[in-house]
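Dropping query.txt in here (compact mmCIF, C-alpha atoms):
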```txt
# COMPACT_ATOMS: atom_id res chain seq x y z
CA MET A 620 20.15 8.88 -4.44
CA LYS A 621 21.25 11.87 -6.48
CA TYR A 622 17.92 13.58 -5.79
CA PHE A 623 18.71 13.91 -2.10
CA LEU A 624 22.39 14.86 -2.14
CA LEU A 625 21.78 18.50 -2.95
CA HIS A 626 23.80 21.53 -2.03
CA PHE A 627 22.82 24.01 0.65
CA ARG A 628 22.10 26.54 -2.07
CA TYR A 629 18.61 25.14 -2.62
CA LEU A 630 17.62 26.26 0.86
CA ILE A 631 18.98 29.71 0.14
CA ALA A 632 17.25 29.86 -3.22
CA GLY A 633 13.95 28.78 -1.69
CA GLY A 634 12.83 32.28 -0.72
CA LEU A 635 11.53 30.90 2.60
CA LEU A 636 11.47 34.26 4.37
CA THR A 637 8.29 35.38 2.60
CA LEU A 638 6.19 32.40 3.63
CA ILE A 639 4.84 33.48 7.00
CA PRO A 640 1.26 34.73 6.42
CA TYR A 641 0.70 35.85 10.03
CA HIS A 642 3.38 37.58 12.10
CA PRO A 643 3.75 40.49 14.50
CA ALA A 644 3.52 43.95 13.00
CA SER A 645 6.74 44.90 14.77
CA ALA A 646 10.05 43.66 13.42
CA GLU A 647 11.36 43.42 17.00
CA VAL A 648 12.50 39.97 18.10
CA GLN A 649 9.68 38.63 20.27
CA ILE A 650 11.82 36.47 22.58
CA HIS A 651 14.25 38.09 25.03
CA SER A 652 17.29 36.98 26.99
CA GLY A 653 16.26 35.10 30.12
CA ASP A 654 13.09 33.72 28.53
CA THR A 655 12.35 30.01 28.66
CA ILE A 656 10.82 28.19 25.67
CA ALA A 657 8.79 25.01 26.05
CA PHE A 658 8.79 23.03 22.81
CA LEU A 659 5.66 20.86 22.96
CA GLY A 660 5.10 18.13 20.39
CA ASP A 661 5.69 14.54 19.33
CA SER A 662 8.88 12.76 18.21
CA ILE A 663 9.54 15.40 15.53
CA THR A 664 9.96 17.83 18.42
CA LYS A 665 11.76 15.36 20.69
CA GLN A 666 14.34 14.62 18.00
CA GLY A 667 14.58 18.33 17.24
CA SER A 668 16.41 18.93 20.52
CA ILE A 669 19.86 17.95 19.18
CA PRO A 670 22.11 20.85 18.09
CA THR A 671 21.29 20.26 14.39
CA GLY A 672 17.59 19.61 15.08
CA TRP A 673 15.03 22.33 14.56
CA CYS A 674 14.61 23.15 18.26
CA GLY A 675 18.36 23.28 18.75
CA LEU A 676 18.74 25.51 15.70
CA VAL A 677 16.05 27.89 16.98
CA VAL A 678 17.86 28.28 20.31
CA SER A 679 21.30 28.75 18.74
CA GLY A 680 19.81 31.08 16.13
CA LEU A 681 18.36 33.28 18.86
CA GLU A 682 21.73 33.26 20.62
CA LYS A 683 23.40 34.40 17.39
CA ALA A 684 20.90 37.28 17.34
CA GLY A 685 21.85 38.23 20.90
CA VAL A 686 19.03 36.43 22.72
CA ASP A 687 20.00 33.91 25.41
CA ALA A 688 16.88 31.75 25.88
CA SER A 689 16.62 28.40 27.69
CA PRO A 690 14.81 25.45 26.05
CA ILE A 691 12.49 22.89 27.63
CA ASN A 692 11.91 19.99 25.26
CA ALA A 693 8.47 18.49 25.90
CA GLY A 694 8.30 16.30 22.80
CA LYS A 695 7.20 12.68 23.24
CA GLY A 696 7.16 10.01 20.54
CA GLY A 697 3.77 8.87 19.30
CA HIS A 698 1.80 11.60 21.04
CA THR A 699 -1.35 13.12 19.64
CA SER A 700 -2.90 16.43 20.63
CA ARG A 701 -5.06 14.39 23.06
CA ASP A 702 -1.94 13.04 24.77
CA MET A 703 -0.48 16.53 24.94
CA VAL A 704 -3.60 17.90 26.63
CA ASN A 705 -3.42 15.10 29.21
CA ARG A 706 0.18 15.95 30.16
CA TYR A 707 -0.09 19.68 29.58
CA GLU A 708 -0.24 20.79 33.21
CA ALA A 709 2.88 18.83 34.19
CA ASP A 710 4.95 19.31 31.04
CA VAL A 711 4.18 22.96 30.29
CA ILE A 712 2.16 24.92 32.86
CA ALA A 713 4.01 23.63 35.94
CA ARG A 714 7.38 24.47 34.37
CA LYS A 715 6.34 28.12 33.91
CA PRO A 716 7.96 28.86 30.54
CA THR A 717 7.86 32.32 29.02
CA TRP A 718 6.95 30.83 25.65
CA MET A 719 5.35 27.68 24.29
CA ILE A 720 6.07 26.56 20.74
CA LEU A 721 3.43 23.97 19.84
CA MET A 722 3.80 21.54 16.95
CA CYS A 723 1.30 18.70 16.82
CA GLY A 724 -1.11 16.89 14.52
CA THR A 725 1.12 14.42 12.71
CA ASN A 726 -0.15 11.60 14.93
CA ASP A 727 -3.73 12.80 15.22
CA ASN A 728 -4.76 11.46 11.84
CA PRO A 729 -4.26 9.07 10.15
CA ASN A 730 -1.96 7.42 12.71
CA HIS A 731 -4.48 7.43 15.56
CA GLY A 732 -7.70 8.51 13.88
CA LEU A 733 -8.58 11.60 15.91
CA SER A 734 -11.27 13.66 14.28
CA LEU A 735 -10.49 17.16 13.12
CA GLU A 736 -13.06 18.44 15.62
CA GLU A 737 -11.20 16.83 18.53
CA SER A 738 -7.85 18.08 17.27
CA GLU A 739 -9.23 21.61 17.05
CA LYS A 740 -10.61 21.37 20.59
CA ASN A 741 -7.31 20.07 21.98
CA VAL A 742 -5.22 22.78 20.33
CA ASN A 743 -7.61 25.50 21.49
CA VAL A 744 -7.51 24.19 25.06
CA MET A 745 -3.72 24.27 25.12
CA VAL A 746 -3.47 27.74 23.60
CA GLU A 747 -6.12 29.16 25.94
CA LYS A 748 -4.51 27.60 29.05
CA ALA A 749 -1.13 28.96 28.05
CA ARG A 750 -2.44 32.46 27.53
CA SER A 751 -4.42 32.44 30.79
CA SER A 752 -1.20 31.39 32.55
CA GLY A 753 0.74 34.26 31.01
CA ILE A 754 2.64 32.05 28.58
CA LYS A 755 3.22 33.47 25.11
CA VAL A 756 2.37 31.14 22.25
CA LEU A 757 3.71 30.26 18.83
CA VAL A 758 1.79 27.58 16.92
CA ALA A 759 3.49 25.75 14.06
CA THR A 760 1.51 24.17 11.26
CA ARG A 761 1.78 20.41 10.86
CA PRO A 762 4.93 19.55 8.90
CA MET A 763 4.72 18.17 5.40
CA ARG A 764 4.89 14.38 5.14
CA GLY A 765 7.31 12.97 2.60
CA GLY A 766 6.98 14.81 -0.68
CA ASP A 767 3.24 15.44 -0.37
CA THR A 768 2.50 19.15 -0.83
CA THR A 769 -1.30 18.75 -0.67
CA GLU A 770 -2.91 21.32 1.61
CA ASN A 771 -5.00 19.94 4.47
CA ALA A 772 -7.88 21.00 6.73
CA TYR A 773 -5.80 20.66 9.90
CA ASN A 774 -3.38 23.39 8.84
CA ALA A 775 -6.22 25.55 7.55
CA PHE A 776 -7.69 25.42 11.05
CA LEU A 777 -4.36 26.33 12.66
CA ARG A 778 -3.89 29.34 10.40
CA ASN A 779 -7.38 30.67 11.13
CA SER A 780 -7.23 29.90 14.85
CA ALA A 781 -3.86 31.61 15.37
CA GLN A 782 -5.11 34.78 13.77
CA LYS A 783 -8.35 34.77 15.77
CA GLN A 784 -6.57 34.11 19.07
CA GLY A 785 -3.80 36.61 18.39
CA VAL A 786 -0.90 34.17 18.71
CA LEU A 787 2.05 33.71 16.39
CA LEU A 788 1.82 31.21 13.56
CA ALA A 789 4.90 29.67 11.94
CA ASP A 790 3.66 28.11 8.72
CA VAL A 791 6.28 25.38 8.51
CA PHE A 792 4.10 23.42 6.09
CA ALA A 793 4.17 26.33 3.61
CA ALA A 794 7.94 26.70 4.05
CA MET A 795 8.50 22.99 3.45
CA LYS A 796 6.14 23.01 0.49
CA ASN A 797 8.09 25.86 -1.08
CA ALA A 798 11.41 24.05 -0.57
CA GLN A 799 9.96 20.82 -1.98
CA GLU A 800 8.58 22.56 -5.06
CA ASN A 801 11.91 24.28 -5.70
CA PHE A 802 13.57 20.88 -5.51
CA ARG A 803 11.16 19.54 -8.14
CA LYS A 804 11.86 22.47 -10.44
CA GLU A 805 15.56 21.79 -10.18
CA HIS A 806 15.02 18.05 -10.65
CA PRO A 807 12.03 17.52 -12.98
CA ASP A 808 12.96 13.85 -13.44
CA ALA A 809 12.56 13.10 -9.71
CA PRO A 810 9.56 10.97 -8.62
CA PRO A 811 6.54 13.23 -7.85
CA ASP A 812 6.50 12.41 -4.14
CA ALA A 813 10.26 12.04 -3.63
CA PRO A 814 10.94 13.31 -0.08
CA PHE A 815 13.47 16.11 0.05
CA LEU A 816 13.10 17.19 3.68
CA THR A 817 12.37 13.97 5.57
CA ILE A 818 14.13 10.67 6.12
CA ALA A 819 12.86 7.50 4.44
CA ASP A 820 9.83 7.16 6.74
CA GLY A 821 8.40 10.37 5.26
CA THR A 822 7.67 11.81 8.70
CA HIS A 823 10.84 12.66 10.62
CA MET A 824 13.04 15.51 9.49
CA ASN A 825 16.39 15.09 7.80
CA PRO A 826 18.95 17.91 8.32
CA ARG A 827 17.41 19.96 5.48
CA GLY A 828 13.94 19.66 7.00
CA ASN A 829 15.20 20.74 10.40
CA GLN A 830 16.82 23.82 8.88
CA VAL A 831 13.70 24.81 6.94
CA ILE A 832 11.54 24.54 10.09
CA ALA A 833 14.05 26.48 12.22
CA GLU A 834 14.33 29.29 9.67
CA CYS A 835 10.55 29.59 9.48
CA ILE A 836 10.20 29.81 13.26
CA LEU A 837 13.05 32.28 13.69
CA SER A 838 11.53 34.50 11.02
CA THR A 839 8.14 34.32 12.75
CA LEU A 840 9.77 35.32 16.04
CA GLY A 841 10.92 38.53 14.40
CA LEU A 842 14.48 37.96 13.23
CA SER A 843 15.19 40.20 10.25
CA PRO A 844 16.33 38.85 6.88
CA GLU A 845 19.82 40.08 7.72
CA GLN A 846 19.78 38.26 11.07
CA ILE A 847 18.46 35.10 9.40
CA ALA A 848 21.26 35.24 6.83
CA SER A 849 23.83 35.60 9.61
CA VAL A 850 22.34 32.67 11.52
CA LYS A 851 22.27 30.42 8.45
CA ALA A 852 25.88 31.23 7.63
CA ASP A 853 26.83 29.26 10.74
CA TRP A 854 24.70 26.23 9.87
CA PRO A 855 26.57 23.22 8.51
CA ASP A 856 25.90 21.87 5.04
CA PRO A 857 22.92 19.53 5.63
CA ASN A 858 24.41 17.01 3.22
CA GLN A 859 27.36 16.61 5.60
CA ILE A 860 25.25 15.95 8.72
CA LYS A 861 24.64 12.36 9.74
CA GLY A 862 20.85 12.08 9.82
CA LEU A 863 18.57 9.82 11.82
CA SER A 864 18.10 6.33 10.49
CA GLN A 865 14.81 4.44 10.36
CA GLU A 866 16.07 2.28 13.25
CA GLU A 867 16.93 5.30 15.35
CA THR A 868 13.57 6.98 14.83
CA SER A 869 11.70 3.78 15.70
CA LYS A 870 13.04 4.10 19.26
CA ASP A 871 10.89 7.22 19.68
CA ALA A 872 7.74 5.76 18.14
CA ALA A 873 4.83 4.66 20.29
CA PRO A 874 3.83 0.97 20.21
CA ALA A 875 0.77 1.93 18.18
CA GLY A 876 3.03 3.20 15.41
CA GLY A 877 2.85 6.94 16.10
CA MET A 878 5.76 9.23 15.44
```
Show me, as structure tokens, the structure contained in the file I just sent.
Amino acid sequence: MKYFLLHFRYLIAGGLLTLIPYHPASAEVQIHSGDTIAFLGDSITKQGSIPTGWCGLVVSGLEKAGVDASPINAGKGGHTSRDMVNRYEADVIARKPTWMILMCGTNDNPNHGLSLEESEKNVNVMVEKARSSGIKVLVATRPMRGGDTTENAYNAFLRNSAQKQGVLLADVFAAMKNAQENFRKEHPDAPPDAPFLTIADGTHMNPRGNQVIAECILSTLGLSPEQIASVKADWPDPNQIKGLSQEETSKDAAPAGGM
């Protein structure tokens, strides 16, 4: 248990602000007061809507930076990119958000066995429909699972696609990988795959994971290092936040076992 009861300083020491490989040339904050943000994803996104979840932290972080934006949480437990395409018109387009933040892929494979080709097609369809509807897009890479820092083809596609399509990319996988590796350096006796950022199921975020994802997204949206530091100063110590239990997360899972 000692491996997971770490102080907030490890997040600060992680150097997460340098991990976004693709971002706007301007340092100006990309989201403005009055904008609406649709968070589209699976249960990681659905559960991120609480104040200490990653979506909640993004919204409050923007507010701290002087941006009053309204969230629309369109996360649904167990959903794949295929499911998101099928509900896309109703859950995103019809609600006319200014921005869409898309995080998907955790359920595509291995949970439901979608091929990489189908996943790529689904993501491209959603990004293209958003842009043609005048919705600005930020795509997040698929979060790390448990303590596994192995790179994957899905995230490689997302990085390349975001750059080609000219949309923002928040590389949350890279940010989580960096935090996980710093944890291992500080605790060399920990098991190789000991999860530092997720709860016991290895998929859903604990308070540390939510904070790492939120910081990555806020940085991608253009908040300066000074603004990020000010935002994080208001965040509670993740070790003092009551996290989601396995039983609580199971309520959001699809019958097929998706997250």
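Using all atoms listed in the file, the smallest distance between any of A:Val677, A:Gly660, A:Thr768, A:Ser700 and A:Arg803 comes from A:Thr768.
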Hey, could you make a per-residue contact list for stretch 812-864 of chain A against stretch 717-728 of chain A with 12 Å as the cut-off, showing the nearest pair of atoms and its distance in Å to one decimal, counting only C-alpha atoms, sorted by chain and number, as a tab-separated table?
```
residue	atom	partner	partner_atom	distance
A:Gly821	CA	A:Thr725	CA	11.2
A:Thr822	CA	A:Thr725	CA	8.1
A:His823	CA	A:Thr725	CA	10.1
A:Ile832	CA	A:Met722	CA	10.8
A:Ala833	CA	A:Ile720	CA	11.7
A:Ile836	CA	A:Ile720	CA	9.1
A:Leu837	CA	A:Ile720	CA	11.5
A:Thr839	CA	A:Ile720	CA	11.3
A:Leu840	CA	A:Ile720	CA	10.6
```
For those residues, write C-alpha atoms to a file as an mmCIF file, in the frame of the given file.
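Final output, part.cif:
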```
data_model
loop_
_atom_site.group_PDB
_atom_site.id
_atom_site.type_symbol
_atom_site.label_atom_id
_atom_site.label_comp_id
_atom_site.auth_asym_id
_atom_site.auth_seq_id
_atom_site.Cartn_x
_atom_site.Cartn_y
_atom_site.Cartn_z
ATOM 1 C CA GLY A 821 8.400 10.370 5.260
ATOM 2 C CA THR A 822 7.670 11.810 8.700
ATOM 3 C CA HIS A 823 10.840 12.660 10.620
ATOM 4 C CA ILE A 832 11.540 24.540 10.090
ATOM 5 C CA ALA A 833 14.050 26.480 12.220
ATOM 6 C CA ILE A 836 10.200 29.810 13.260
ATOM 7 C CA LEU A 837 13.050 32.280 13.690
ATOM 8 C CA THR A 839 8.140 34.320 12.750
ATOM 9 C CA LEU A 840 9.770 35.320 16.040
#
```
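Among A:Gly766, A:Ser780, A:Glu834, A:Asn825, the residue with the shortest atom-to-atom distance to A:Glu800, counting only C-alpha atoms, is A:Gly766.
The residue that comes closest to A:Ala709, out of A:Val791, A:Trp854, A:Gly696, A:Ala657 and on the basis of all atoms listed in the file, is A:Ala657.
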Give me the box for stretch 668-687 of chain A as lines of an AutoDock Vina configuration file, namely the centre and edge lengths in Å to one decimal of a box along x, y and z that holds every listed atom plus 8 Å on each side.
```
center_x = 19.0
center_y = 28.1
center_z = 19.9
size_x = 24.8
size_y = 36.3
size_z = 27.0
```
